[in-house]
>>> print(open('coords.txt').read())   # compact mmCIF, N, CA and C atoms and all ligand atoms
# COMPACT_ATOMS: atom_id res chain seq x y z
N MET J 6 -0.98 -16.78 -0.21
CA MET J 6 -1.01 -17.68 -1.37
C MET J 6 -2.46 -18.09 -1.66
N ALA J 7 -2.88 -17.94 -2.90
CA ALA J 7 -4.26 -18.27 -3.27
C ALA J 7 -4.49 -19.77 -3.15
N LYS J 8 -5.66 -20.15 -2.66
CA LYS J 8 -5.98 -21.56 -2.49
C LYS J 8 -6.87 -22.01 -3.63
N THR J 9 -6.61 -23.21 -4.13
CA THR J 9 -7.41 -23.75 -5.24
C THR J 9 -8.51 -24.63 -4.65
N TYR J 10 -9.73 -24.35 -5.04
CA TYR J 10 -10.88 -25.09 -4.55
C TYR J 10 -11.06 -26.38 -5.34
N ASP J 11 -11.19 -27.48 -4.63
CA ASP J 11 -11.41 -28.80 -5.26
C ASP J 11 -12.92 -29.07 -5.29
N SER J 12 -13.51 -28.96 -6.46
CA SER J 12 -14.97 -29.09 -6.55
C SER J 12 -15.45 -30.54 -6.41
N ASN J 13 -14.53 -31.47 -6.19
CA ASN J 13 -14.93 -32.86 -5.93
C ASN J 13 -14.93 -33.20 -4.45
N ASN J 14 -14.69 -32.21 -3.57
CA ASN J 14 -14.72 -32.53 -2.14
C ASN J 14 -16.15 -32.91 -1.72
N ILE J 15 -16.25 -33.62 -0.61
CA ILE J 15 -17.54 -34.23 -0.25
C ILE J 15 -18.63 -33.20 0.05
N PHE J 16 -18.25 -32.04 0.58
CA PHE J 16 -19.28 -31.03 0.86
C PHE J 16 -19.74 -30.36 -0.43
N ALA J 17 -18.86 -30.24 -1.41
CA ALA J 17 -19.30 -29.73 -2.73
C ALA J 17 -20.33 -30.69 -3.32
N LYS J 18 -20.11 -31.99 -3.14
CA LYS J 18 -21.07 -32.99 -3.65
C LYS J 18 -22.41 -32.87 -2.92
N ILE J 19 -22.36 -32.65 -1.61
CA ILE J 19 -23.60 -32.45 -0.85
C ILE J 19 -24.31 -31.19 -1.34
N LEU J 20 -23.56 -30.10 -1.53
CA LEU J 20 -24.16 -28.84 -1.99
C LEU J 20 -24.79 -29.00 -3.37
N ARG J 21 -24.23 -29.83 -4.22
CA ARG J 21 -24.80 -30.07 -5.55
C ARG J 21 -25.97 -31.04 -5.52
N GLY J 22 -26.16 -31.69 -4.36
CA GLY J 22 -27.23 -32.68 -4.27
C GLY J 22 -26.82 -34.04 -4.79
N ASP J 23 -25.52 -34.24 -5.04
CA ASP J 23 -25.04 -35.54 -5.55
C ASP J 23 -25.06 -36.61 -4.47
N ILE J 24 -24.85 -36.21 -3.22
CA ILE J 24 -24.98 -37.17 -2.11
C ILE J 24 -25.83 -36.52 -1.03
N PRO J 25 -26.53 -37.34 -0.23
CA PRO J 25 -27.49 -36.79 0.72
C PRO J 25 -26.84 -36.26 2.00
N CYS J 26 -27.60 -35.48 2.74
CA CYS J 26 -27.18 -35.07 4.08
C CYS J 26 -28.44 -34.97 4.93
N LYS J 27 -28.25 -34.91 6.23
CA LYS J 27 -29.38 -34.70 7.14
C LYS J 27 -29.49 -33.20 7.39
N LYS J 28 -30.24 -32.57 6.49
CA LYS J 28 -30.30 -31.10 6.45
C LYS J 28 -31.04 -30.53 7.65
N ILE J 29 -30.49 -29.44 8.17
CA ILE J 29 -31.10 -28.72 9.29
C ILE J 29 -31.62 -27.37 8.83
N TYR J 30 -30.87 -26.72 7.94
CA TYR J 30 -31.20 -25.34 7.56
C TYR J 30 -30.60 -25.06 6.19
N GLU J 31 -31.32 -24.24 5.41
CA GLU J 31 -30.77 -23.79 4.12
C GLU J 31 -31.35 -22.43 3.78
N ASP J 32 -30.49 -21.56 3.26
CA ASP J 32 -30.98 -20.31 2.65
C ASP J 32 -30.13 -20.05 1.41
N ASP J 33 -30.15 -18.82 0.91
CA ASP J 33 -29.47 -18.54 -0.36
C ASP J 33 -27.96 -18.78 -0.29
N THR J 34 -27.36 -18.56 0.87
CA THR J 34 -25.90 -18.62 0.95
C THR J 34 -25.36 -19.66 1.92
N VAL J 35 -26.25 -20.33 2.65
CA VAL J 35 -25.80 -21.23 3.73
C VAL J 35 -26.55 -22.56 3.69
N LEU J 36 -25.82 -23.63 4.01
CA LEU J 36 -26.44 -24.94 4.23
C LEU J 36 -25.90 -25.49 5.56
N ALA J 37 -26.77 -26.08 6.36
CA ALA J 37 -26.35 -26.71 7.61
C ALA J 37 -26.94 -28.11 7.69
N PHE J 38 -26.12 -29.06 8.17
CA PHE J 38 -26.58 -30.44 8.30
C PHE J 38 -25.84 -31.12 9.45
N HIS J 39 -26.36 -32.27 9.87
CA HIS J 39 -25.74 -33.01 10.96
C HIS J 39 -24.43 -33.65 10.51
N ASP J 40 -23.41 -33.56 11.37
CA ASP J 40 -22.15 -34.25 11.09
C ASP J 40 -22.41 -35.76 11.09
N ILE J 41 -21.78 -36.45 10.16
CA ILE J 41 -22.00 -37.89 10.02
C ILE J 41 -21.38 -38.69 11.17
N SER J 42 -20.44 -38.07 11.86
CA SER J 42 -19.76 -38.75 12.97
C SER J 42 -19.72 -37.81 14.18
N PRO J 43 -20.87 -37.64 14.84
CA PRO J 43 -20.98 -36.58 15.86
C PRO J 43 -20.05 -36.78 17.05
N GLN J 44 -19.44 -35.69 17.48
CA GLN J 44 -18.52 -35.71 18.61
C GLN J 44 -19.19 -35.23 19.90
N ALA J 45 -20.46 -34.91 19.84
CA ALA J 45 -21.23 -34.42 20.99
C ALA J 45 -22.70 -34.68 20.67
N PRO J 46 -23.60 -34.56 21.68
CA PRO J 46 -25.02 -34.81 21.40
C PRO J 46 -25.54 -33.98 20.23
N SER J 47 -25.06 -32.76 20.12
CA SER J 47 -25.39 -31.94 18.95
C SER J 47 -24.11 -31.58 18.22
N HIS J 48 -24.01 -31.96 16.96
CA HIS J 48 -22.81 -31.65 16.15
C HIS J 48 -23.30 -31.32 14.75
N ILE J 49 -23.37 -30.02 14.50
CA ILE J 49 -23.94 -29.49 13.26
C ILE J 49 -22.82 -28.83 12.46
N LEU J 50 -22.84 -29.03 11.15
CA LEU J 50 -21.89 -28.35 10.26
C LEU J 50 -22.63 -27.24 9.53
N VAL J 51 -22.05 -26.05 9.57
CA VAL J 51 -22.65 -24.88 8.92
C VAL J 51 -21.69 -24.40 7.84
N LEU J 52 -22.16 -24.38 6.59
CA LEU J 52 -21.29 -24.10 5.44
C LEU J 52 -21.81 -22.91 4.64
N PRO J 53 -20.90 -22.09 4.11
CA PRO J 53 -21.33 -21.18 3.05
C PRO J 53 -21.50 -22.00 1.77
N LYS J 54 -22.44 -21.61 0.92
CA LYS J 54 -22.61 -22.34 -0.34
C LYS J 54 -21.51 -22.01 -1.34
N GLY J 55 -20.88 -20.86 -1.19
CA GLY J 55 -19.81 -20.46 -2.10
C GLY J 55 -18.60 -21.37 -1.97
N ALA J 56 -17.80 -21.38 -3.04
CA ALA J 56 -16.64 -22.28 -3.12
C ALA J 56 -15.43 -21.69 -2.41
N TYR J 57 -15.43 -21.83 -1.08
CA TYR J 57 -14.32 -21.34 -0.26
C TYR J 57 -13.65 -22.53 0.43
N VAL J 58 -12.35 -22.56 0.37
CA VAL J 58 -11.60 -23.69 0.92
C VAL J 58 -11.67 -23.71 2.44
N ASP J 59 -11.51 -22.55 3.03
CA ASP J 59 -11.42 -22.49 4.50
C ASP J 59 -11.68 -21.06 4.96
N MET J 60 -11.56 -20.82 6.26
CA MET J 60 -11.86 -19.49 6.80
C MET J 60 -10.90 -18.43 6.28
N ASP J 61 -9.67 -18.82 6.01
CA ASP J 61 -8.70 -17.89 5.45
C ASP J 61 -9.16 -17.42 4.07
N ASP J 62 -9.55 -18.36 3.23
CA ASP J 62 -10.05 -18.07 1.89
C ASP J 62 -11.32 -17.22 1.96
N PHE J 63 -12.22 -17.61 2.86
CA PHE J 63 -13.52 -16.94 2.98
C PHE J 63 -13.35 -15.48 3.41
N THR J 64 -12.55 -15.26 4.44
CA THR J 64 -12.42 -13.90 4.96
C THR J 64 -11.66 -13.01 3.98
N ALA J 65 -10.90 -13.61 3.07
CA ALA J 65 -10.20 -12.83 2.05
C ALA J 65 -11.10 -12.51 0.87
N LYS J 66 -12.01 -13.42 0.50
CA LYS J 66 -12.70 -13.29 -0.79
C LYS J 66 -14.22 -13.15 -0.73
N ALA J 67 -14.84 -13.57 0.36
CA ALA J 67 -16.32 -13.60 0.38
C ALA J 67 -16.89 -12.19 0.40
N THR J 68 -18.11 -12.06 -0.08
CA THR J 68 -18.81 -10.77 -0.03
C THR J 68 -19.28 -10.51 1.41
N ASP J 69 -19.58 -9.25 1.68
CA ASP J 69 -20.12 -8.91 3.00
C ASP J 69 -21.41 -9.68 3.25
N ALA J 70 -22.23 -9.84 2.22
CA ALA J 70 -23.50 -10.57 2.39
C ALA J 70 -23.25 -12.03 2.76
N GLU J 71 -22.24 -12.64 2.14
CA GLU J 71 -21.93 -14.04 2.47
C GLU J 71 -21.41 -14.16 3.91
N ILE J 72 -20.57 -13.22 4.31
CA ILE J 72 -20.01 -13.28 5.67
C ILE J 72 -21.12 -13.06 6.69
N THR J 73 -21.93 -12.05 6.46
CA THR J 73 -23.05 -11.81 7.38
C THR J 73 -23.99 -13.00 7.40
N GLY J 74 -24.29 -13.53 6.23
CA GLY J 74 -25.22 -14.65 6.14
C GLY J 74 -24.75 -15.86 6.91
N LEU J 75 -23.47 -16.16 6.83
CA LEU J 75 -22.94 -17.34 7.53
C LEU J 75 -23.07 -17.17 9.04
N PHE J 76 -22.68 -16.01 9.54
CA PHE J 76 -22.67 -15.86 11.00
C PHE J 76 -24.07 -15.64 11.57
N ARG J 77 -24.95 -14.95 10.85
CA ARG J 77 -26.36 -14.86 11.29
C ARG J 77 -26.97 -16.26 11.35
N ALA J 78 -26.72 -17.04 10.32
CA ALA J 78 -27.29 -18.39 10.27
C ALA J 78 -26.76 -19.23 11.43
N LEU J 79 -25.45 -19.13 11.69
CA LEU J 79 -24.84 -19.90 12.77
C LEU J 79 -25.57 -19.64 14.10
N GLY J 80 -25.77 -18.37 14.43
CA GLY J 80 -26.44 -18.04 15.69
C GLY J 80 -27.88 -18.51 15.70
N ASN J 81 -28.57 -18.33 14.58
CA ASN J 81 -29.97 -18.76 14.52
C ASN J 81 -30.08 -20.27 14.66
N ILE J 82 -29.19 -20.99 14.03
CA ILE J 82 -29.22 -22.46 14.09
C ILE J 82 -28.94 -22.92 15.52
N ALA J 83 -27.96 -22.30 16.17
CA ALA J 83 -27.63 -22.68 17.56
C ALA J 83 -28.82 -22.44 18.48
N ARG J 84 -29.47 -21.28 18.32
CA ARG J 84 -30.63 -20.99 19.18
C ARG J 84 -31.76 -21.98 18.88
N ALA J 85 -32.01 -22.23 17.60
CA ALA J 85 -33.10 -23.15 17.23
C ALA J 85 -32.83 -24.57 17.73
N ALA J 86 -31.54 -24.93 17.85
CA ALA J 86 -31.18 -26.27 18.34
C ALA J 86 -31.19 -26.33 19.86
N GLY J 87 -31.48 -25.21 20.51
CA GLY J 87 -31.56 -25.19 21.97
C GLY J 87 -30.21 -25.13 22.65
N LEU J 88 -29.20 -24.67 21.93
CA LEU J 88 -27.84 -24.69 22.48
C LEU J 88 -27.44 -23.38 23.17
N ALA J 89 -28.16 -22.31 22.90
CA ALA J 89 -27.68 -20.99 23.35
C ALA J 89 -27.64 -20.89 24.87
N GLU J 90 -28.63 -21.46 25.54
CA GLU J 90 -28.69 -21.29 26.99
C GLU J 90 -27.55 -22.00 27.70
N GLY J 91 -27.34 -23.25 27.39
CA GLY J 91 -26.30 -24.02 28.07
C GLY J 91 -24.90 -23.73 27.55
N GLY J 92 -24.84 -23.19 26.36
CA GLY J 92 -23.55 -22.89 25.74
C GLY J 92 -23.13 -23.94 24.74
N TYR J 93 -22.19 -23.60 23.92
CA TYR J 93 -21.73 -24.50 22.86
C TYR J 93 -20.37 -24.03 22.39
N ARG J 94 -19.84 -24.73 21.41
CA ARG J 94 -18.52 -24.37 20.87
C ARG J 94 -18.61 -24.32 19.35
N VAL J 95 -17.92 -23.34 18.79
CA VAL J 95 -17.81 -23.21 17.32
C VAL J 95 -16.36 -23.43 16.95
N ILE J 96 -16.14 -24.36 16.04
CA ILE J 96 -14.77 -24.72 15.63
C ILE J 96 -14.69 -24.65 14.11
N SER J 97 -13.61 -24.10 13.61
CA SER J 97 -13.35 -24.20 12.17
C SER J 97 -11.89 -24.58 11.99
N ASN J 98 -11.67 -25.77 11.50
CA ASN J 98 -10.31 -26.25 11.27
C ASN J 98 -9.81 -25.71 9.93
N ILE J 99 -8.58 -25.29 9.92
CA ILE J 99 -8.01 -24.65 8.73
C ILE J 99 -6.67 -25.30 8.41
N GLY J 100 -6.60 -25.90 7.23
CA GLY J 100 -5.32 -26.39 6.72
C GLY J 100 -4.73 -27.54 7.51
N VAL J 101 -3.47 -27.81 7.24
CA VAL J 101 -2.78 -28.98 7.80
C VAL J 101 -2.66 -28.88 9.31
N ASP J 102 -2.14 -27.78 9.81
CA ASP J 102 -1.98 -27.66 11.27
C ASP J 102 -3.32 -27.63 11.98
N GLY J 103 -4.35 -27.11 11.32
CA GLY J 103 -5.68 -27.06 11.92
C GLY J 103 -6.40 -28.40 11.89
N GLY J 104 -5.85 -29.37 11.13
CA GLY J 104 -6.46 -30.70 11.07
C GLY J 104 -7.69 -30.75 10.18
N GLN J 105 -7.79 -29.86 9.22
CA GLN J 105 -8.95 -29.85 8.32
C GLN J 105 -8.93 -31.06 7.40
N GLU J 106 -10.07 -31.76 7.32
CA GLU J 106 -10.17 -32.94 6.45
C GLU J 106 -10.92 -32.64 5.17
N VAL J 107 -11.96 -31.84 5.25
CA VAL J 107 -12.77 -31.54 4.06
C VAL J 107 -12.49 -30.10 3.62
N PRO J 108 -11.97 -29.92 2.40
CA PRO J 108 -11.53 -28.59 1.99
C PRO J 108 -12.64 -27.70 1.41
N HIS J 109 -13.74 -27.62 2.14
CA HIS J 109 -14.78 -26.61 1.89
C HIS J 109 -15.10 -26.03 3.27
N LEU J 110 -15.00 -24.70 3.40
CA LEU J 110 -15.19 -24.09 4.72
C LEU J 110 -16.44 -24.61 5.43
N HIS J 111 -16.27 -24.99 6.67
CA HIS J 111 -17.41 -25.38 7.49
C HIS J 111 -17.13 -25.01 8.93
N LEU J 112 -18.20 -24.64 9.64
CA LEU J 112 -18.12 -24.36 11.06
C LEU J 112 -18.76 -25.54 11.78
N HIS J 113 -18.02 -26.13 12.72
CA HIS J 113 -18.58 -27.17 13.57
C HIS J 113 -19.29 -26.46 14.72
N LEU J 114 -20.55 -26.77 14.89
CA LEU J 114 -21.33 -26.24 16.01
C LEU J 114 -21.61 -27.42 16.92
N VAL J 115 -20.92 -27.45 18.07
CA VAL J 115 -21.02 -28.62 18.93
C VAL J 115 -21.51 -28.23 20.32
N GLY J 116 -22.35 -29.07 20.91
CA GLY J 116 -22.87 -28.78 22.23
C GLY J 116 -23.76 -29.92 22.71
N GLY J 117 -24.48 -29.62 23.79
CA GLY J 117 -25.38 -30.62 24.36
C GLY J 117 -24.77 -31.35 25.53
N ARG J 118 -23.52 -31.05 25.84
CA ARG J 118 -22.87 -31.58 27.05
C ARG J 118 -21.69 -30.66 27.37
N LYS J 119 -21.12 -30.82 28.58
CA LYS J 119 -19.90 -30.07 28.88
C LYS J 119 -18.79 -30.57 27.95
N LEU J 120 -18.11 -29.66 27.32
CA LEU J 120 -17.19 -30.05 26.25
C LEU J 120 -15.75 -30.21 26.72
N GLY J 121 -15.46 -29.82 27.93
CA GLY J 121 -14.10 -30.05 28.44
C GLY J 121 -13.08 -29.10 27.83
N ARG J 122 -11.84 -29.51 27.90
CA ARG J 122 -10.75 -28.65 27.42
C ARG J 122 -10.89 -28.36 25.93
N MET J 123 -10.48 -27.17 25.56
CA MET J 123 -10.63 -26.80 24.15
C MET J 123 -9.66 -27.56 23.26
N LEU J 124 -8.41 -27.69 23.70
CA LEU J 124 -7.41 -28.35 22.87
C LEU J 124 -6.84 -29.56 23.59
N GLN J 125 -6.65 -30.63 22.84
CA GLN J 125 -5.97 -31.81 23.35
C GLN J 125 -4.47 -31.67 23.03
N PRO J 126 -3.61 -32.35 23.77
CA PRO J 126 -2.19 -32.30 23.42
C PRO J 126 -1.96 -32.78 22.00
N ALA J 127 -0.99 -32.22 21.33
CA ALA J 127 -0.66 -32.63 19.96
C ALA J 127 -0.25 -34.10 19.93
N GLU J 128 -0.63 -34.80 18.85
CA GLU J 128 -0.28 -36.23 18.73
C GLU J 128 1.16 -36.38 18.30
P1 LIG J 201 -12.80 -31.18 9.38
O1 LIG J 201 -11.78 -32.09 9.95
O2 LIG J 201 -12.94 -29.90 10.15
O3 LIG J 201 -12.60 -30.96 7.90
O4 LIG J 201 -14.20 -31.90 9.59
C1 LIG J 201 -14.86 -32.65 8.62
C2 LIG J 201 -16.12 -33.20 9.25
O5 LIG J 201 -16.97 -33.64 8.21
C3 LIG J 201 -15.92 -34.37 10.19
O6 LIG J 201 -16.45 -34.04 11.48
C4 LIG J 201 -16.70 -35.51 9.52
O7 LIG J 201 -17.33 -36.36 10.44
C5 LIG J 201 -17.69 -34.73 8.67
N1 LIG J 201 -18.18 -35.44 7.49
C6 LIG J 201 -17.46 -36.09 6.55
N2 LIG J 201 -18.26 -36.58 5.59
C7 LIG J 201 -19.53 -36.21 5.92
C8 LIG J 201 -20.81 -36.40 5.32
N3 LIG J 201 -20.97 -37.09 4.17
N4 LIG J 201 -21.89 -35.87 5.94
C9 LIG J 201 -21.74 -35.20 7.10
N5 LIG J 201 -20.57 -34.97 7.71
C10 LIG J 201 -19.48 -35.47 7.13
>>> encode(input="coords.txt", output="structure tokens", more="lines below")
Ligand code: AMP
Amino acid sequence: MAKTYDSNNIFAKILRGDIPCKKIYEDDTVLAFHDISPQAPSHILVLPKGAYVDMDDFTAKATDAEITGLFRALGNIARAAGLAEGGYRVISNIGVDGGQEVPHLHLHLVGGRKLGRMLQPAE
């Protein structure tokens, strides 16, 4: 089922420059900034600039250049943040069951401490 992109979501506003972010990295297809409510010493959000709702939408519709750009940037950002050696976690929440709150695809890049179990019991 095709997903409809809501251009009023908060990350769309950040991408348009309507609201600020603590920017870490930007190129033609990617923007990365600090999460406003960090869950670990390092909690970075890495977004494609294109209007994709989630990873399902992105992997169905994005160009090869956008897909390559997102994942190259993710690795480069993690290394530049000093996370590669100790390790880190990449999370992308998708839809209702995934617990996604902001409907613009983003990868959570979290690290800087031992992160513990990957999944908590369902609420
Ligand atoms: P998700 O549940 O995967 O959609 O995650 C959304 C994330 O966006 C959460 O970790 C929020 O803390 C983060 N967030 C929400 N608003 C902002 C904002 N204005 N700037 C940075 N991060 C934000």
>>> atom_distance(input="coords.txt", atom1="atom N of J:Phe38", atom2="atom CA of J:Arg122")
24.6 Å
>>> closest_atom_pairs(input="coords.txt", of="chain J", to="ligand LIG 201 (chain J)", cutoff="6.5 Å", atoms="all atoms listed in the file", output="tab-separated table")
residue	atom	partner	partner_atom	distance
J:Ile15	C	J:LIG201	N3	6.1
J:Pro25	C	J:LIG201	N3	6.3
J:Cys26	CA	J:LIG201	N4	5.7
J:Lys27	N	J:LIG201	N4	6.4
J:Phe38	C	J:LIG201	C9	6.2
J:His39	C	J:LIG201	C9	4.6
J:Asp40	CA	J:LIG201	N5	3.8
J:Ile41	N	J:LIG201	N5	3.1
J:Ser42	N	J:LIG201	O7	3.8
J:Pro43	N	J:LIG201	O7	5.8
J:Ser97	C	J:LIG201	O2	5.7
J:Asn98	N	J:LIG201	O2	4.5
J:Ile99	N	J:LIG201	O2	6.3
J:Gly104	C	J:LIG201	O1	4.3
J:Gln105	C	J:LIG201	O3	3.7
J:Glu106	N	J:LIG201	O3	2.7
J:Val107	N	J:LIG201	O3	2.9
J:Pro108	N	J:LIG201	O3	5.6
>>> residues_around(input="coords.txt", residues="stretch 76-80 of chain J", least_positions_apart="4", cutoff="8 Å", atoms="all atoms listed in the file", output="list in words")
Val35, Val51, Ala70, Glu71, Ile72, Arg84, Ala85, Ala86 and Leu114 of chain J
>>> select_by_dssp(input="coords.txt", residues="stretch 53-118 of chain J", states="helix (DSSP H, G or I)", output="ChimeraX atom specification")
/J:60-66,69-85,100-103
>>> write_last_selection(input="coords.txt", atoms="N, CA and C atoms", output="PDB file, in the frame of the given file")
ATOM      1  N   MET J  60     -11.560 -20.820   6.260  1.00  0.00           N
ATOM      2  CA  MET J  60     -11.860 -19.490   6.800  1.00  0.00           C
ATOM      3  C   MET J  60     -10.900 -18.430   6.280  1.00  0.00           C
ATOM      4  N   ASP J  61      -9.670 -18.820   6.010  1.00  0.00           N
ATOM      5  CA  ASP J  61      -8.700 -17.890   5.450  1.00  0.00           C
ATOM      6  C   ASP J  61      -9.160 -17.420   4.070  1.00  0.00           C
ATOM      7  N   ASP J  62      -9.550 -18.360   3.230  1.00  0.00           N
ATOM      8  CA  ASP J  62     -10.050 -18.070   1.890  1.00  0.00           C
ATOM      9  C   ASP J  62     -11.320 -17.220   1.960  1.00  0.00           C
ATOM     10  N   PHE J  63     -12.220 -17.610   2.860  1.00  0.00           N
ATOM     11  CA  PHE J  63     -13.520 -16.940   2.980  1.00  0.00           C
ATOM     12  C   PHE J  63     -13.350 -15.480   3.410  1.00  0.00           C
ATOM     13  N   THR J  64     -12.550 -15.260   4.440  1.00  0.00           N
ATOM     14  CA  THR J  64     -12.420 -13.900   4.960  1.00  0.00           C
ATOM     15  C   THR J  64     -11.660 -13.010   3.980  1.00  0.00           C
ATOM     16  N   ALA J  65     -10.900 -13.610   3.070  1.00  0.00           N
ATOM     17  CA  ALA J  65     -10.200 -12.830   2.050  1.00  0.00           C
ATOM     18  C   ALA J  65     -11.100 -12.510   0.870  1.00  0.00           C
ATOM     19  N   LYS J  66     -12.010 -13.420   0.500  1.00  0.00           N
ATOM     20  CA  LYS J  66     -12.700 -13.290  -0.790  1.00  0.00           C
ATOM     21  C   LYS J  66     -14.220 -13.150  -0.730  1.00  0.00           C
ATOM     22  N   ASP J  69     -19.580  -9.250   1.680  1.00  0.00           N
ATOM     23  CA  ASP J  69     -20.120  -8.910   3.000  1.00  0.00           C
ATOM     24  C   ASP J  69     -21.410  -9.680   3.250  1.00  0.00           C
ATOM     25  N   ALA J  70     -22.230  -9.840   2.220  1.00  0.00           N
ATOM     26  CA  ALA J  70     -23.500 -10.570   2.390  1.00  0.00           C
ATOM     27  C   ALA J  70     -23.250 -12.030   2.760  1.00  0.00           C
ATOM     28  N   GLU J  71     -22.240 -12.640   2.140  1.00  0.00           N
ATOM     29  CA  GLU J  71     -21.930 -14.040   2.470  1.00  0.00           C
ATOM     30  C   GLU J  71     -21.410 -14.160   3.910  1.00  0.00           C
ATOM     31  N   ILE J  72     -20.570 -13.220   4.310  1.00  0.00           N
ATOM     32  CA  ILE J  72     -20.010 -13.280   5.670  1.00  0.00           C
ATOM     33  C   ILE J  72     -21.120 -13.060   6.690  1.00  0.00           C
ATOM     34  N   THR J  73     -21.930 -12.050   6.460  1.00  0.00           N
ATOM     35  CA  THR J  73     -23.050 -11.810   7.380  1.00  0.00           C
ATOM     36  C   THR J  73     -23.990 -13.000   7.400  1.00  0.00           C
ATOM     37  N   GLY J  74     -24.290 -13.530   6.230  1.00  0.00           N
ATOM     38  CA  GLY J  74     -25.220 -14.650   6.140  1.00  0.00           C
ATOM     39  C   GLY J  74     -24.750 -15.860   6.910  1.00  0.00           C
ATOM     40  N   LEU J  75     -23.470 -16.160   6.830  1.00  0.00           N
ATOM     41  CA  LEU J  75     -22.940 -17.340   7.530  1.00  0.00           C
ATOM     42  C   LEU J  75     -23.070 -17.170   9.040  1.00  0.00           C
ATOM     43  N   PHE J  76     -22.680 -16.010   9.540  1.00  0.00           N
ATOM     44  CA  PHE J  76     -22.670 -15.860  11.000  1.00  0.00           C
ATOM     45  C   PHE J  76     -24.070 -15.640  11.570  1.00  0.00           C
ATOM     46  N   ARG J  77     -24.950 -14.950  10.850  1.00  0.00           N
ATOM     47  CA  ARG J  77     -26.360 -14.860  11.290  1.00  0.00           C
ATOM     48  C   ARG J  77     -26.970 -16.260  11.350  1.00  0.00           C
ATOM     49  N   ALA J  78     -26.720 -17.040  10.320  1.00  0.00           N
ATOM     50  CA  ALA J  78     -27.290 -18.390  10.270  1.00  0.00           C
ATOM     51  C   ALA J  78     -26.760 -19.230  11.430  1.00  0.00           C
ATOM     52  N   LEU J  79     -25.450 -19.130  11.690  1.00  0.00           N
ATOM     53  CA  LEU J  79     -24.840 -19.900  12.770  1.00  0.00           C
ATOM     54  C   LEU J  79     -25.570 -19.640  14.100  1.00  0.00           C
ATOM     55  N   GLY J  80     -25.770 -18.370  14.430  1.00  0.00           N
ATOM     56  CA  GLY J  80     -26.440 -18.040  15.690  1.00  0.00           C
ATOM     57  C   GLY J  80     -27.880 -18.510  15.700  1.00  0.00           C
ATOM     58  N   ASN J  81     -28.570 -18.330  14.580  1.00  0.00           N
ATOM     59  CA  ASN J  81     -29.970 -18.760  14.520  1.00  0.00           C
ATOM     60  C   ASN J  81     -30.080 -20.270  14.660  1.00  0.00           C
ATOM     61  N   ILE J  82     -29.190 -20.990  14.030  1.00  0.00           N
ATOM     62  CA  ILE J  82     -29.220 -22.460  14.090  1.00  0.00           C
ATOM     63  C   ILE J  82     -28.940 -22.920  15.520  1.00  0.00           C
ATOM     64  N   ALA J  83     -27.960 -22.300  16.170  1.00  0.00           N
ATOM     65  CA  ALA J  83     -27.630 -22.680  17.560  1.00  0.00           C
ATOM     66  C   ALA J  83     -28.820 -22.440  18.480  1.00  0.00           C
ATOM     67  N   ARG J  84     -29.470 -21.280  18.320  1.00  0.00           N
ATOM     68  CA  ARG J  84     -30.630 -20.990  19.180  1.00  0.00           C
ATOM     69  C   ARG J  84     -31.760 -21.980  18.880  1.00  0.00           C
ATOM     70  N   ALA J  85     -32.010 -22.230  17.600  1.00  0.00           N
ATOM     71  CA  ALA J  85     -33.100 -23.150  17.230  1.00  0.00           C
ATOM     72  C   ALA J  85     -32.830 -24.570  17.730  1.00  0.00           C
ATOM     73  N   GLY J 100      -6.600 -25.900   7.230  1.00  0.00           N
ATOM     74  CA  GLY J 100      -5.320 -26.390   6.720  1.00  0.00           C
ATOM     75  C   GLY J 100      -4.730 -27.540   7.510  1.00  0.00           C
ATOM     76  N   VAL J 101      -3.470 -27.810   7.240  1.00  0.00           N
ATOM     77  CA  VAL J 101      -2.780 -28.980   7.800  1.00  0.00           C
ATOM     78  C   VAL J 101      -2.660 -28.880   9.310  1.00  0.00           C
ATOM     79  N   ASP J 102      -2.140 -27.780   9.810  1.00  0.00           N
ATOM     80  CA  ASP J 102      -1.980 -27.660  11.270  1.00  0.00           C
ATOM     81  C   ASP J 102      -3.320 -27.630  11.980  1.00  0.00           C
ATOM     82  N   GLY J 103      -4.350 -27.110  11.320  1.00  0.00           N
ATOM     83  CA  GLY J 103      -5.680 -27.060  11.920  1.00  0.00           C
ATOM     84  C   GLY J 103      -6.400 -28.400  11.890  1.00  0.00           C
TER      85      GLY J 103
END
>>> atom_distance(input="coords.txt", atom1="atom CA of J:His48", atom2="atom C of J:Leu75")
16.1 Å
>>> select_by_dssp(input="coords.txt", residues="stretch 8-127 of chain J", states="strand (DSSP E)", output="PyMOL selection string")
chain J and resi 28-31+35-39+47-53+93-96+112-116
>>> atom_distance(input="coords.txt", atom1="atom C of J:Ile49", atom2="atom N of J:Ala7")
27.4 Å
>>> closest_residue(input="coords.txt", among="J:Gly91, J:His109, J:Lys28, J:Lys66", to="J:Asp11", atoms="only N, CA and C atoms")
J:His109
>>> closest_residue(input="coords.txt", among="J:Leu110, J:Ile96, J:Gly121, J:Ser12", to="J:Thr64", atoms="only C-alpha atoms")
J:Leu110
